[in-house]
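Novice: See target_39.txt below, with compact mmCIF, C-alpha atoms.
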# COMPACT_ATOMS: atom_id res chain seq x y z
CA MET A 1 0.00 0.00 0.00
CA PHE A 2 2.73 2.51 0.99
CA SER A 3 4.81 1.44 -2.02
CA ASP A 4 1.88 2.37 -4.27
CA ALA A 5 1.54 5.73 -2.49
CA VAL A 6 5.25 6.49 -3.15
CA GLU A 7 4.85 5.43 -6.78
CA ASN A 8 1.84 7.70 -7.22
CA ASP A 9 3.61 10.64 -5.49
CA VAL A 10 1.11 10.65 -2.63
CA ILE A 11 3.96 10.34 -0.10
CA TYR A 12 7.66 10.99 -0.52
CA LYS A 13 9.01 7.95 1.34
CA ASN A 14 7.65 4.61 2.48
CA PRO A 15 7.59 4.82 6.31
CA VAL A 16 7.68 1.05 6.80
CA THR A 17 10.59 -0.10 4.67
CA LYS A 18 12.82 -0.71 7.66
CA GLY A 19 12.33 -3.70 9.91
CA ILE A 20 10.37 -3.28 13.08
CA LYS A 21 12.27 -4.03 16.26
CA HIS A 22 10.57 -5.96 18.98
CA ASN A 23 11.61 -7.26 22.39
CA ILE A 24 13.69 -4.12 22.92
CA GLY A 25 15.58 -3.97 26.19
CA LYS A 26 16.96 -6.48 28.60
CA GLU A 27 15.70 -9.97 28.99
CA PRO A 28 13.49 -10.16 32.06
CA LYS A 29 15.25 -11.65 35.04
CA LYS A 30 14.17 -15.13 35.92
CA VAL A 31 12.89 -15.21 39.46
CA ARG A 32 13.47 -18.28 41.54
CA ALA A 33 11.85 -18.63 44.91
CA LEU A 34 13.72 -20.39 47.68
CA THR A 35 12.52 -23.92 48.25
CA ILE A 36 10.89 -24.88 51.55
CA ASP A 37 14.18 -26.52 52.64
CA GLU A 38 16.14 -23.38 51.70
CA GLN A 39 13.70 -21.24 53.66
CA LYS A 40 14.18 -23.48 56.69
CA LYS A 41 17.99 -23.29 56.35
CA PHE A 42 17.72 -19.54 55.91
CA LEU A 43 15.75 -19.20 59.16
CA GLU A 44 18.18 -21.54 60.96
CA VAL A 45 21.00 -19.22 59.93
CA ALA A 46 18.99 -16.14 60.88
CA GLU A 47 18.01 -17.62 64.26
CA LYS A 48 21.58 -17.26 65.49
CA SER A 49 21.61 -13.61 64.46
CA SER A 50 20.52 -10.63 66.56
CA ASN A 51 18.51 -9.67 63.46
CA TYR A 52 16.34 -12.78 63.41
CA ASN A 53 13.11 -10.78 63.53
CA GLN A 54 14.19 -8.71 60.53
CA PHE A 55 15.14 -11.77 58.48
CA ALA A 56 11.92 -13.59 59.39
CA PHE A 57 9.86 -10.48 58.62
CA ILE A 58 11.48 -10.05 55.22
CA LEU A 59 10.72 -13.69 54.48
CA GLN A 60 7.06 -13.15 55.39
CA THR A 61 6.52 -9.83 53.61
CA GLY A 62 8.98 -9.59 50.72
CA LEU A 63 10.20 -6.15 51.77
CA ARG A 64 13.50 -4.91 50.39
CA THR A 65 16.20 -4.21 52.96
CA GLY A 66 15.91 -0.44 52.55
CA GLU A 67 12.15 -0.65 53.03
CA LEU A 68 12.58 -2.73 56.17
CA ILE A 69 15.09 -0.25 57.59
CA GLY A 70 12.83 2.71 56.79
CA LEU A 71 9.68 1.10 58.21
CA LYS A 72 7.98 3.14 60.96
CA TRP A 73 5.29 2.05 63.39
CA SER A 74 2.95 4.63 61.85
CA ASP A 75 3.21 2.78 58.50
CA ILE A 76 1.44 -0.22 60.02
CA ASN A 77 -2.34 -0.44 60.01
CA TRP A 78 -2.95 -3.02 62.73
CA GLU A 79 -6.71 -3.20 62.11
CA LYS A 80 -6.38 -3.97 58.40
CA CYS A 81 -3.13 -5.95 58.83
CA VAL A 82 -1.31 -3.99 56.17
CA ILE A 83 1.89 -1.92 55.83
CA HIS A 84 1.77 1.29 53.82
CA MET A 85 5.19 1.41 52.11
CA GLN A 86 6.34 4.97 51.52
CA ARG A 87 10.07 5.22 52.10
CA SER A 88 13.40 3.52 51.76
CA MET A 89 16.47 4.04 53.90
CA GLU A 90 20.13 3.19 53.60
CA TYR A 91 23.35 4.05 55.34
CA ARG A 92 25.85 5.91 53.16
CA TYR A 93 29.33 5.04 54.40
CA SER A 94 30.96 7.56 52.06
CA VAL A 95 29.36 10.46 53.94
CA GLY A 96 28.68 8.72 57.25
CA GLU A 97 24.94 9.34 57.32
CA TRP A 98 21.56 7.80 56.65
CA ARG A 99 19.70 8.52 53.43
CA ILE A 100 15.96 8.45 53.84
CA GLY A 101 14.02 8.83 50.65
CA GLU A 102 11.23 7.72 48.44
CA PRO A 103 11.04 4.15 47.19
CA LYS A 104 13.11 3.37 44.08
CA SER A 105 10.07 3.35 41.80
CA LYS A 106 6.35 4.14 41.75
CA SER A 107 5.63 0.47 42.42
CA GLY A 108 7.55 0.89 45.70
CA TYR A 109 4.55 2.82 47.04
CA ARG A 110 2.28 -0.05 47.90
CA ASP A 111 0.31 -1.76 50.62
CA VAL A 112 1.86 -4.98 51.86
CA PRO A 113 -0.53 -7.41 53.55
CA LEU A 114 0.55 -8.84 56.87
CA ILE A 115 -0.16 -12.48 57.54
CA GLU A 116 -0.54 -13.72 61.09
CA GLU A 117 3.12 -14.73 61.41
CA ALA A 118 4.30 -11.28 60.27
CA VAL A 119 2.08 -9.62 62.89
CA ALA A 120 3.51 -11.98 65.54
CA ILE A 121 7.05 -11.02 64.50
CA LEU A 122 6.22 -7.32 64.85
CA LYS A 123 4.77 -7.88 68.31
CA ARG A 124 7.81 -9.90 69.42
CA HIS A 125 10.11 -7.22 68.08
CA LYS A 126 8.20 -4.47 69.86
CA GLU A 127 8.83 -6.34 73.13
CA LYS A 128 12.51 -6.74 72.24
CA LEU A 129 12.80 -2.97 71.70
CA ARG A 130 11.85 -2.38 75.35
CA GLU A 131 15.24 -3.86 76.29
CA ILE A 132 17.12 -1.07 74.48
CA LYS A 133 18.41 1.41 77.05
CA VAL A 134 18.91 4.41 74.75
CA ILE A 135 17.12 5.05 71.47
CA ASN A 136 18.36 7.78 69.17
CA MET A 137 15.44 10.24 69.01
CA GLN A 138 15.85 10.53 65.23
CA PHE A 139 14.85 6.86 64.93
CA LYS A 140 12.33 6.44 67.77
CA GLU A 141 9.48 5.73 65.30
CA HIS A 142 11.42 3.11 63.32
CA VAL A 143 10.38 -0.50 63.78
CA PHE A 144 13.65 -2.38 63.44
CA LEU A 145 16.47 -0.98 65.57
CA CYS A 146 19.66 -2.63 66.75
CA ARG A 147 20.77 -2.69 70.38
CA LYS A 148 22.45 0.69 69.86
CA GLY A 149 19.02 2.26 69.37
CA GLU A 150 19.44 2.99 65.69
CA PRO A 151 18.65 1.11 62.48
CA THR A 152 20.83 -1.81 61.49
CA LYS A 153 23.02 -0.81 58.54
CA ASN A 154 22.20 -2.54 55.25
CA SER A 155 25.60 -4.24 55.01
CA VAL A 156 25.06 -6.09 58.30
CA TYR A 157 22.37 -8.22 56.68
CA ASP A 158 24.76 -9.29 53.92
CA THR A 159 27.58 -9.99 56.35
CA THR A 160 25.37 -12.24 58.46
CA LEU A 161 24.71 -14.43 55.45
CA PHE A 162 28.12 -14.32 53.76
CA ASN A 163 29.96 -15.35 56.91
CA ASN A 164 27.81 -18.38 57.64
CA GLU A 165 28.69 -21.82 56.25
CA LYS A 166 25.13 -23.10 56.43
CA ALA A 167 23.90 -20.07 54.47
CA LYS A 168 26.35 -20.92 51.70
CA GLU A 169 24.44 -24.18 51.18
CA ILE A 170 21.48 -22.17 49.93
CA GLN A 171 21.73 -21.84 46.15
CA ASN A 172 22.36 -18.22 45.07
CA ILE A 173 22.40 -16.89 48.65
CA GLU A 174 24.96 -14.25 47.61
CA LYS A 175 22.62 -12.99 44.90
CA PHE A 176 19.72 -13.10 47.34
CA SER A 177 21.42 -11.18 50.11
CA LYS A 178 22.87 -8.55 47.79
CA SER A 179 19.50 -7.52 46.44
CA PHE A 180 17.32 -8.67 49.30
CA LYS A 181 14.56 -8.03 46.86
CA ILE A 182 12.74 -11.13 47.82
CA GLY A 183 9.14 -11.01 46.83
CA THR A 184 6.86 -12.89 49.14
CA ARG A 185 8.47 -16.18 50.15
CA ILE A 186 11.76 -15.04 48.64
CA GLY A 187 12.26 -14.83 44.90
CA ILE A 188 15.84 -14.51 43.69
Please lay out the structure from this file as structure tokens.
Specialist:
Amino acid sequence: MFSDAVENDVIYKNPVTKGIKHNIGKEPKKVRALTIDEQKKFLEVAEKSSNYNQFAFILQTGLRTGELIGLKWSDINWEKCVIHMQRSMEYRYSVGEWRIGEPKSKSGYRDVPLIEEAVAILKRHKEKLREIKVINMQFKEHVFLCRKGEPTKNSVYDTTLFNNEKAKEIQNIEKFSKSFKIGTRIGI
């Protein structure tokens, strides 16, 4: 049709003579969830950590590490059993300070449902926080604090996994801990 239009001087150039590209961009990453056995091993490793509640909570909710660190009690709707995700937080070693900001993308703003086990973890952790003698006032609303009364730095989560022989048995644990972008029940 366009060839005829060019021939009859209706248009100057055929707009469709070049090939059409499709599947532009990167191949989508294949997501692999941890098996039940890997989840059990993961929790066995985490159990020996002072951050067990954080690891178990991430497993239950699929939060990214930065989202977990930035989580505040006011983000939790206890009646509806849902978390309103609205920030991410990470420690910047290069400048020696915390960066608190918006989620990485629009999809980062979301409501995350809390199953019964996730609610139980939050309640246990709230009790654990009562043992902290001094809480930095800047972080008093944050859910997951270390014994120093401030958020646990992102790198601590990686270190816990990298330095544990049992964790190394879990296929792709390095990839998992680096991104900690788990998806519910851990997709890596």
Novice: So which one's closest to Leu43 in chain A, A:Asp111, A:Glu7, A:Thr160, A:Cys146? Using all atoms listed in the file, please.
Specialist: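 Counting all atoms listed in the file, the residue closest to Leu43 in chain A is A:Thr160.
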Novice: Which protein, DNA or RNA residues have an atom at most 8 Å from (18.1, 4.2, 51.6), counting only C-alpha atoms? List them as an MDAnalysis selection string.
Specialist: chainID A and resid 66:67 70 88:91 98:101
Novice: How about saving the chosen residues, C-alpha atoms kept, as a PDB file, in the frame of the given file?
Specialist:
ATOM      1  CA  GLY A  66      15.910  -0.440  52.550  1.00  0.00           C
ATOM      2  CA  GLU A  67      12.150  -0.650  53.030  1.00  0.00           C
ATOM      3  CA  GLY A  70      12.830   2.710  56.790  1.00  0.00           C
ATOM      4  CA  SER A  88      13.400   3.520  51.760  1.00  0.00           C
ATOM      5  CA  MET A  89      16.470   4.040  53.900  1.00  0.00           C
ATOM      6  CA  GLU A  90      20.130   3.190  53.600  1.00  0.00           C
ATOM      7  CA  TYR A  91      23.350   4.050  55.340  1.00  0.00           C
ATOM      8  CA  TRP A  98      21.560   7.800  56.650  1.00  0.00           C
ATOM      9  CA  ARG A  99      19.700   8.520  53.430  1.00  0.00           C
ATOM     10  CA  ILE A 100      15.960   8.450  53.840  1.00  0.00           C
ATOM     11  CA  GLY A 101      14.020   8.830  50.650  1.00  0.00           C
TER      12      GLY A 101
END
Novice: Excluding Asp4 in chain A and its own-chain neighbours fewer than 6 positions away, which residues fall within 10 Å of it when counting all atoms listed in the file? Please give them as a PyMOL selection string.
Specialist: chain A and resi 10-11+14
Novice: Write out the residues from the selection above, keeping C-alpha atoms, as an mmCIF file, in the coordinates of the input.
Specialist:
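Once everything was written out, this is again19.cif:
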data_model
loop_
_atom_site.group_PDB
_atom_site.id
_atom_site.type_symbol
_atom_site.label_atom_id
_atom_site.label_comp_id
_atom_site.auth_asym_id
_atom_site.auth_seq_id
_atom_site.Cartn_x
_atom_site.Cartn_y
_atom_site.Cartn_z
ATOM 1 C CA VAL A 10 1.110 10.650 -2.630
ATOM 2 C CA ILE A 11 3.960 10.340 -0.100
ATOM 3 C CA ASN A 14 7.650 4.610 2.480
#
Novice: For Ile135 in chain A, please output as number ranges by chain all residues within 8 Å (counting all atoms listed in the file; exclusion window: fewer than 4 positions along the same chain).
Specialist: A: 139-140, 148-150
Novice: Could you tell me how far CA of Pro151 in chain A sits from CA of Arg92 in chain A, in Å to one decimal place?
Specialist: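 Computing the Euclidean distance for CA of Arg92 in chain A and CA of Pro151 in chain A yields 12.7 Å.
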Novice: Could you check the closest approach to Ser50 in chain A for each of A:Val143, A:Glu117, A:His125, A:Met85 and tell me which residue wins, using only C-alpha atoms?
Specialist: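 The answer is A:His125, which sits nearest to Ser50 in chain A.
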Novice: May I have the residues at most 10 Å from (19.2, -7.2, 61.5) in the file's coordinates, counting only C-alpha atoms, as a PyMOL selection string?
Specialist: chain A and resi 46+49-56+65+68-69+144-146+151-158+160
Novice: What's the separation between CA of Ile83 in chain A and CA of Glu116 in chain A, in Å to one decimal place?
Specialist: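 It comes out at 13.1 Å.
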